[in-house]
$ cat run-v4.csv   # CSV, C-alpha atoms and all ligand atoms
chain,number,residue,atom,x,y,z
A,1,MET,CA,-6.7,-13.3,3.6
A,2,LYS,CA,-5.4,-14.2,0.1
A,3,VAL,CA,-2.3,-12.1,-0.4
A,4,THR,CA,-2.3,-10.7,-3.9
A,5,LYS,CA,0.1,-7.8,-3.4
A,6,ALA,CA,3.1,-7.6,-1.1
A,7,GLU,CA,5.7,-4.9,-1.4
A,8,ILE,CA,8.5,-3.4,0.6
A,9,VAL,CA,7.7,0.3,1.0
A,10,ILE,CA,10.5,1.5,3.2
A,11,SER,CA,13.5,0.4,5.2
A,12,ALA,CA,13.3,3.0,7.9
A,13,VAL,CA,15.8,4.1,10.5
A,14,ALA,CA,13.8,7.1,11.8
A,15,GLU,CA,10.3,8.2,12.5
A,16,ALA,CA,10.2,10.7,9.6
A,17,GLN,CA,10.5,7.7,7.2
A,18,TYR,CA,7.5,5.7,8.5
A,19,PRO,CA,4.8,5.3,5.9
A,20,ASP,CA,2.1,8.0,6.1
A,21,ASP,CA,-0.8,6.2,4.5
A,22,ASN,CA,-2.2,5.4,7.9
A,23,LEU,CA,-2.7,1.6,7.6
A,24,PRO,CA,-2.6,-0.7,10.6
A,25,GLU,CA,0.8,-2.2,11.4
A,26,ILE,CA,1.6,-5.6,12.7
A,27,VAL,CA,5.0,-5.8,14.3
A,28,LEU,CA,7.6,-8.7,14.5
A,29,LEU,CA,9.9,-8.7,17.5
A,30,GLY,CA,12.4,-11.2,18.5
A,31,ARG,CA,16.1,-12.1,18.9
A,32,SER,CA,18.3,-12.0,15.9
A,33,ASN,CA,17.9,-15.3,13.8
A,34,VAL,CA,14.7,-16.4,15.6
A,35,GLY,CA,12.9,-16.3,12.2
A,36,LYS,CA,11.1,-13.0,12.0
A,37,SER,CA,11.7,-12.4,8.3
A,38,THR,CA,10.9,-16.0,7.5
A,39,PHE,CA,7.7,-15.7,9.4
A,40,VAL,CA,6.6,-12.8,7.1
A,41,ASN,CA,7.5,-14.8,4.0
A,42,THR,CA,5.7,-17.9,5.2
A,43,LEU,CA,2.5,-15.9,6.0
A,44,ILE,CA,2.4,-14.2,2.6
A,45,GLU,CA,3.7,-17.2,0.7
A,46,ARG,CA,6.5,-15.4,-0.9
A,47,ARG,CA,9.9,-17.1,-0.6
A,48,SER,CA,12.0,-14.0,-0.3
A,49,LEU,CA,10.1,-10.7,0.0
A,50,ALA,CA,11.7,-10.3,3.5
A,51,ARG,CA,15.5,-10.9,3.3
A,52,THR,CA,16.5,-13.8,5.5
A,53,SER,CA,19.8,-15.3,6.5
A,54,SER,CA,21.4,-18.1,8.4
A,55,GLN,CA,23.7,-15.5,9.9
A,56,PRO,CA,22.1,-13.4,12.7
A,57,GLY,CA,21.8,-9.7,12.2
A,58,LYS,CA,20.4,-9.7,8.7
A,59,THR,CA,17.7,-7.2,9.3
A,60,GLN,CA,19.2,-3.9,10.5
A,61,THR,CA,16.4,-1.5,9.6
A,62,MET,CA,12.6,-1.4,10.3
A,63,ASN,CA,11.2,-2.8,7.1
A,64,PHE,CA,7.7,-1.9,6.3
A,65,TYR,CA,5.9,-4.5,4.0
A,66,ARG,CA,2.6,-3.4,2.7
A,67,ILE,CA,0.2,-6.3,2.2
A,68,ASN,CA,-2.8,-6.0,-0.2
A,69,ASP,CA,-2.8,-2.3,0.6
A,70,VAL,CA,-4.6,-3.3,3.8
A,71,PHE,CA,-1.9,-3.4,6.5
A,72,TYR,CA,1.8,-3.5,7.0
A,73,PHE,CA,4.1,-6.0,8.5
A,74,VAL,CA,6.9,-4.2,10.3
A,75,ASP,CA,10.0,-6.5,10.4
A,76,MET,CA,12.3,-5.3,13.1
A,77,PRO,CA,16.0,-5.8,13.6
A,78,GLY,CA,16.6,-8.6,16.1
A,79,TYR,CA,17.6,-7.8,19.6
A,80,GLY,CA,20.5,-9.5,21.4
A,81,TYR,CA,22.7,-9.6,18.4
A,82,ALA,CA,26.1,-10.1,20.1
A,83,LYS,CA,28.3,-9.3,17.2
A,84,ALA,CA,26.9,-5.9,16.6
A,85,SER,CA,28.8,-3.1,18.3
A,86,LYS,CA,27.4,-1.7,21.5
A,87,THR,CA,26.6,1.6,19.8
A,88,GLU,CA,24.7,-0.2,17.0
A,89,ARG,CA,22.7,-2.3,19.5
A,90,GLU,CA,21.8,0.8,21.5
A,91,LYS,CA,20.8,2.6,18.3
A,92,TRP,CA,18.5,-0.3,17.2
A,93,GLY,CA,17.1,-0.6,20.8
A,94,LYS,CA,16.2,3.1,20.8
A,95,MET,CA,14.7,2.9,17.4
A,96,ILE,CA,12.5,0.0,18.3
A,97,GLU,CA,11.5,1.5,21.6
A,98,LYS,CA,10.6,4.8,20.1
A,99,TYR,CA,8.4,3.1,17.5
A,100,LEU,CA,6.6,0.9,20.0
A,101,ARG,CA,6.0,3.7,22.4
A,102,ASN,CA,4.7,6.3,19.9
A,103,ARG,CA,3.3,4.5,16.9
A,104,GLU,CA,-0.5,4.5,17.1
A,105,ASN,CA,-0.8,2.5,13.9
A,106,ALA,CA,0.7,-0.6,15.6
A,107,VAL,CA,-2.3,-2.8,16.3
A,108,LEU,CA,-0.6,-6.1,17.0
A,109,ILE,CA,2.8,-7.3,18.2
A,110,PHE,CA,4.1,-10.8,17.6
A,111,GLN,CA,7.1,-11.6,19.8
A,112,LEU,CA,9.0,-14.6,18.4
A,113,ILE,CA,10.8,-16.9,20.7
A,114,ASP,CA,12.9,-20.0,19.5
A,115,SER,CA,10.8,-22.9,20.7
A,116,ARG,CA,13.9,-25.1,21.0
A,117,HIS,CA,15.3,-23.2,23.9
A,118,GLU,CA,14.5,-21.6,27.2
A,119,PRO,CA,13.5,-18.0,26.5
A,120,SER,CA,16.7,-15.9,26.8
A,121,GLU,CA,17.3,-13.0,29.2
A,122,ASP,CA,16.6,-10.6,26.3
A,123,ASP,CA,13.3,-12.4,25.5
A,124,LEU,CA,12.2,-12.0,29.1
A,125,LEU,CA,13.3,-8.3,29.3
A,126,MET,CA,11.5,-7.6,26.0
A,127,TYR,CA,8.3,-9.3,27.2
A,128,GLU,CA,8.3,-7.5,30.5
A,129,TRP,CA,8.9,-4.2,28.8
A,130,LEU,CA,6.0,-4.8,26.5
A,131,ILE,CA,3.7,-5.7,29.4
A,132,TYR,CA,4.8,-2.7,31.4
A,133,TYR,CA,3.8,-0.4,28.5
A,134,ASP,CA,0.5,-2.2,28.0
A,135,LEU,CA,1.6,-3.6,24.7
A,136,LYS,CA,0.9,-7.3,25.3
A,137,PRO,CA,2.3,-9.4,22.5
A,138,VAL,CA,1.1,-12.7,21.0
A,139,ILE,CA,4.0,-15.1,21.6
A,140,ILE,CA,5.1,-17.2,18.7
A,141,GLY,CA,7.4,-20.3,19.3
A,142,THR,CA,9.4,-20.6,16.1
A,143,LYS,CA,11.2,-23.5,14.3
A,144,ALA,CA,8.7,-26.0,15.8
A,145,ASP,CA,9.6,-28.5,13.0
A,146,LYS,CA,12.9,-29.1,14.7
A,147,LEU,CA,11.0,-30.6,17.7
A,148,SER,CA,9.2,-33.9,18.1
A,149,LYS,CA,5.5,-33.7,19.1
A,150,THR,CA,6.4,-34.4,22.7
A,151,ASN,CA,9.0,-31.8,22.7
A,152,GLN,CA,6.7,-29.3,21.2
A,153,LYS,CA,4.4,-29.8,24.2
A,154,LYS,CA,7.3,-29.3,26.5
A,155,ALA,CA,8.3,-26.2,24.6
A,156,VAL,CA,4.9,-24.6,25.1
A,157,ASN,CA,5.0,-25.3,28.8
A,158,ARG,CA,8.6,-24.0,29.1
A,159,ILE,CA,7.8,-20.7,27.4
A,160,ALA,CA,4.5,-20.3,29.3
A,161,LYS,CA,6.2,-20.9,32.6
A,162,SER,CA,9.2,-18.6,32.0
A,163,LEU,CA,7.0,-15.7,30.8
A,164,ASN,CA,4.5,-16.5,33.5
A,165,LEU,CA,1.7,-16.6,30.9
A,166,LYS,CA,-2.0,-17.1,31.9
A,167,LYS,CA,-4.1,-19.8,30.2
A,168,SER,CA,-5.9,-17.1,28.2
A,169,ASP,CA,-2.6,-15.6,26.9
A,170,GLU,CA,-1.9,-16.5,23.3
A,171,LEU,CA,1.1,-18.7,22.4
A,172,ILE,CA,1.3,-20.2,19.0
A,173,LEU,CA,3.9,-22.8,17.8
A,174,PHE,CA,5.0,-22.0,14.3
A,175,SER,CA,7.0,-23.6,11.6
A,176,ALA,CA,8.0,-22.2,8.2
A,177,GLU,CA,8.7,-25.7,7.1
A,178,THR,CA,5.5,-27.5,8.0
A,179,LYS,CA,3.3,-24.3,8.2
A,180,LEU,CA,2.2,-25.2,11.7
A,181,GLY,CA,0.4,-22.3,13.3
A,182,LYS,CA,0.0,-20.4,10.0
A,183,ASP,CA,-3.8,-20.4,10.1
A,184,GLU,CA,-3.9,-19.5,13.8
A,185,VAL,CA,-1.6,-16.5,13.1
A,186,TRP,CA,-3.8,-15.3,10.3
A,187,GLU,CA,-6.8,-15.5,12.6
A,188,CYS,CA,-5.0,-13.2,15.1
A,189,ILE,CA,-4.4,-10.8,12.2
A,190,HIS,CA,-7.9,-10.8,11.0
A,191,ASN,CA,-9.2,-10.2,14.5
A,192,VAL,CA,-7.3,-6.8,14.6
A,193,LEU,CA,-8.0,-5.6,11.1
B,1,LIG,P1,17.5,-11.1,11.9
B,1,LIG,O1,17.0,-10.5,10.6
B,1,LIG,O2,19.0,-11.4,12.0
B,1,LIG,O3,17.0,-10.5,13.1
B,1,LIG,O4,16.9,-12.7,11.9
B,1,LIG,P2,15.4,-13.1,11.6
B,1,LIG,O5,14.7,-13.2,13.0
B,1,LIG,O6,14.7,-12.3,10.6
B,1,LIG,O7,15.6,-14.6,11.1
B,1,LIG,P3,15.4,-15.2,9.6
B,1,LIG,O8,14.0,-15.2,9.2
B,1,LIG,O9,16.4,-14.5,8.8
B,1,LIG,O10,15.8,-16.7,9.9
B,1,LIG,C1,17.0,-17.1,10.4
B,1,LIG,C2,17.3,-18.6,10.1
B,1,LIG,O11,16.4,-19.5,10.7
B,1,LIG,C3,17.3,-18.9,8.6
B,1,LIG,O12,18.3,-19.7,8.2
B,1,LIG,C4,15.9,-19.5,8.4
B,1,LIG,O13,15.9,-20.4,7.3
B,1,LIG,C5,15.8,-20.3,9.7
B,1,LIG,N1,14.3,-20.5,10.0
B,1,LIG,C6,13.4,-19.5,10.2
B,1,LIG,N2,12.2,-20.1,10.5
B,1,LIG,C7,12.4,-21.4,10.5
B,1,LIG,C8,11.5,-22.5,10.8
B,1,LIG,O14,10.3,-22.4,11.1
B,1,LIG,N3,12.0,-23.8,10.7
B,1,LIG,C9,13.4,-24.0,10.4
B,1,LIG,N4,13.8,-25.2,10.4
B,1,LIG,N5,14.2,-23.0,10.2
B,1,LIG,C10,13.7,-21.7,10.2
B,2,MG,MG,15.2,-10.6,9.7

$ encode --input "run-v4.csv" --output "structure tokens" --more "lines below"
Ligand code: GTP
Ligand code: MG
Amino acid sequence: MKVTKAEIVISAVAEAQYPDDNLPEIVLLGRSNVGKSTFVNTLIERRSLARTSSQPGKTQTMNFYRINDVFYFVDMPGYGYAKASKTEREKWGKMIEKYLRNRENAVLIFQLIDSRHEPSEDDLLMYEWLIYYDLKPVIIGTKADKLSKTNQKKAVNRIAKSLNLKKSDELILFSAETKLGKDEVWECIHNVL
């Protein structure tokens, strides 16, 4: 899809604020600083539509980006952000959970995991929660440019093993720097639209 229009429609904190134009929504989940906002910018080839930061905890609201008036990317606050207060983390957790459990417009979930490391406890909990609610995500291993080819292979195996993925489960290595995985991700998106 050639992106000719991309706009932030709302930074929502509650259900009443979700867009009501009934377009399909594609959701980005992952730990704080894993690269969710950068992922959106890379896919749509805009440097800074979604605000990014080297400091974790940048995205604190559910940001709805309308793409070509065809679908939304929903950029979520990161989970596992240690510096946020417990109350804040619980608030974001509830907000994300409520969205995922109730939102019928959500047609695809990308769960982003840092390919350089073993998936964290939070990554595993999130993944299991999604599976439990029959919301199986496509896994994205981010920041792959920071790994050598050999270590990229190892990363795929490490993630597959710790999430107990089947051969048929989707796992895409991604890099905002080299654009690795970008076409594959767009293919996933086209398949659900
Ligand atoms: P929160 O909004 O805090 O939840 O973080 P986020 O998941 O949206 O992460 P964000 O996109 O803001 O990226 C965090 C940092 O990682 C930034 O400094 C990005 O430049 C960097 N980053 C993201 N993707 C990549 C990548 O593919 N390669 C490299 N080398 N750096 C990346
Ligand atoms: Mg972000």

$ closest_atom_pairs --input "run-v4.csv" --of "chain A" --to "ligand LIG 1 (chain B)" --cutoff "6 Å" --atoms "only C-alpha atoms and all ligand atoms" --output "JSON lines"
{"residue": "A:Ser32", "atom": "CA", "partner": "B:LIG1", "partner_atom": "O3", "distance": 3.4}
{"residue": "A:Asn33", "atom": "CA", "partner": "B:LIG1", "partner_atom": "O4", "distance": 3.4}
{"residue": "A:Val34", "atom": "CA", "partner": "B:LIG1", "partner_atom": "O5", "distance": 4.1}
{"residue": "A:Gly35", "atom": "CA", "partner": "B:LIG1", "partner_atom": "O7", "distance": 3.4}
{"residue": "A:Lys36", "atom": "CA", "partner": "B:LIG1", "partner_atom": "O5", "distance": 3.7}
{"residue": "A:Ser37", "atom": "CA", "partner": "B:LIG1", "partner_atom": "O8", "distance": 3.7}
{"residue": "A:Thr38", "atom": "CA", "partner": "B:LIG1", "partner_atom": "O8", "distance": 3.6}
{"residue": "A:Thr52", "atom": "CA", "partner": "B:LIG1", "partner_atom": "O9", "distance": 3.4}
{"residue": "A:Ser53", "atom": "CA", "partner": "B:LIG1", "partner_atom": "O9", "distance": 4.2}
{"residue": "A:Ser54", "atom": "CA", "partner": "B:LIG1", "partner_atom": "O12", "distance": 3.5}
{"residue": "A:Pro56", "atom": "CA", "partner": "B:LIG1", "partner_atom": "O2", "distance": 3.8}
{"residue": "A:Gly57", "atom": "CA", "partner": "B:LIG1", "partner_atom": "O2", "distance": 3.3}
{"residue": "A:Lys58", "atom": "CA", "partner": "B:LIG1", "partner_atom": "O2", "distance": 4.0}
{"residue": "A:Thr59", "atom": "CA", "partner": "B:LIG1", "partner_atom": "O1", "distance": 3.6}
{"residue": "A:Pro77", "atom": "CA", "partner": "B:LIG1", "partner_atom": "O3", "distance": 4.8}
{"residue": "A:Gly78", "atom": "CA", "partner": "B:LIG1", "partner_atom": "O3", "distance": 3.6}
{"residue": "A:Thr142", "atom": "CA", "partner": "B:LIG1", "partner_atom": "O14", "distance": 5.4}
{"residue": "A:Lys143", "atom": "CA", "partner": "B:LIG1", "partner_atom": "O14", "distance": 3.5}
{"residue": "A:Asp145", "atom": "CA", "partner": "B:LIG1", "partner_atom": "N3", "distance": 5.8}
{"residue": "A:Lys146", "atom": "CA", "partner": "B:LIG1", "partner_atom": "N4", "distance": 5.9}
{"residue": "A:Ser175", "atom": "CA", "partner": "B:LIG1", "partner_atom": "O14", "distance": 3.5}
{"residue": "A:Ala176", "atom": "CA", "partner": "B:LIG1", "partner_atom": "O14", "distance": 3.7}
{"residue": "A:Glu177", "atom": "CA", "partner": "B:LIG1", "partner_atom": "N3", "distance": 5.2}

$ residues_around --input "run-v4.csv" --residues "Arg66 in chain A" --least-positions-apart "3" --cutoff "10 Å" --atoms "all atoms listed in the file" --output "PyMOL selection string"
chain A and resi 5-10+19+23-25+63+69-74

$ write_last_selection --input "run-v4.csv" --atoms "C-alpha atoms" --output "PDB file, keeping the file's coordinate frame"
ATOM      1  CA  LYS A   5       0.100  -7.800  -3.400  1.00  0.00           C
ATOM      2  CA  ALA A   6       3.100  -7.600  -1.100  1.00  0.00           C
ATOM      3  CA  GLU A   7       5.700  -4.900  -1.400  1.00  0.00           C
ATOM      4  CA  ILE A   8       8.500  -3.400   0.600  1.00  0.00           C
ATOM      5  CA  VAL A   9       7.700   0.300   1.000  1.00  0.00           C
ATOM      6  CA  ILE A  10      10.500   1.500   3.200  1.00  0.00           C
ATOM      7  CA  PRO A  19       4.800   5.300   5.900  1.00  0.00           C
ATOM      8  CA  LEU A  23      -2.700   1.600   7.600  1.00  0.00           C
ATOM      9  CA  PRO A  24      -2.600  -0.700  10.600  1.00  0.00           C
ATOM     10  CA  GLU A  25       0.800  -2.200  11.400  1.00  0.00           C
ATOM     11  CA  ASN A  63      11.200  -2.800   7.100  1.00  0.00           C
ATOM     12  CA  ASP A  69      -2.800  -2.300   0.600  1.00  0.00           C
ATOM     13  CA  VAL A  70      -4.600  -3.300   3.800  1.00  0.00           C
ATOM     14  CA  PHE A  71      -1.900  -3.400   6.500  1.00  0.00           C
ATOM     15  CA  TYR A  72       1.800  -3.500   7.000  1.00  0.00           C
ATOM     16  CA  PHE A  73       4.100  -6.000   8.500  1.00  0.00           C
ATOM     17  CA  VAL A  74       6.900  -4.200  10.300  1.00  0.00           C
TER      18      VAL A  74
END

$ atom_distance --input "run-v4.csv" --atom1 "CA of Tyr79 in chain A" --atom2 "CA of Ala16 in chain A"
22.3 Å

$ residues_near_point --input "run-v4.csv" --point "(6.4, -9.8, 10.3)" --cutoff "9 Å" --atoms "only C-alpha atoms" --output "number ranges by chain"
A: 26-29, 36-41, 43, 50, 64-65, 72-76, 110

$ closest_residue --input "run-v4.csv" --among "A:Ser11, A:Gln60, A:Arg89, A:His117" --to "ligand MG 2 (chain B)" --atoms "all atoms listed in the file"
A:Gln60

$ atom_distance --input "run-v4.csv" --atom1 "CA of His190 in chain A" --atom2 "CA of Ser168 in chain A"
18.4 Å

$ residues_near_point --input "run-v4.csv" --point "(8.7, -1.0, 26.3)" --cutoff "7 Å" --atoms "all atoms listed in the file" --output "PyMOL selection string"
chain A and resi 97+100-101+129-130+132-133

$ atom_distance --input "run-v4.csv" --atom1 "CA of Phe174 in chain A" --atom2 "CA of Met126 in chain A"
19.7 Å

$ closest_residue --input "run-v4.csv" --among "A:Gly80, A:Gly181, A:Pro119, A:Gly141" --to "Gly93 in chain A" --atoms "only C-alpha atoms"
A:Gly80

$ closest_residue --input "run-v4.csv" --among "A:Ala106, A:Val3, A:Leu193, A:Leu49" --to "ligand MG 2 (chain B)" --atoms "only C-alpha atoms and all ligand atoms"
A:Leu49

$ closest_residue --input "run-v4.csv" --among "A:Tyr127, A:Met62, A:Ile140, A:Arg158" --to "Lys182 in chain A" --atoms "all atoms listed in the file"
A:Ile140

$ residues_around --input "run-v4.csv" --residues "Asn191 in chain A" --least-positions-apart "5" --cutoff "10 Å" --atoms "all atoms listed in the file" --output "ChimeraX atom specification"
/A:108,185-186

$ closest_residue --input "run-v4.csv" --among "A:Lys179, A:Val13, A:Ala160, A:Thr87" --to "Ile44 in chain A" --atoms "all atoms listed in the file"
A:Lys179

$ closest_residue --input "run-v4.csv" --among "A:Glu45, A:Arg116, A:Gly30, A:Glu88" --to "Ser148 in chain A" --atoms "all atoms listed in the file"
A:Arg116

$ residues_around --input "run-v4.csv" --residues "Leu171 in chain A" --least-positions-apart "6" --cutoff "12 Å" --atoms "only C-alpha atoms" --output "JSON, numbers by chain"
{"A": [110, 111, 112, 113, 115, 136, 137, 138, 139, 140, 141, 142, 153, 155, 156, 157, 158, 159, 160, 161, 163, 164, 165, 181, 184, 185, 188]}
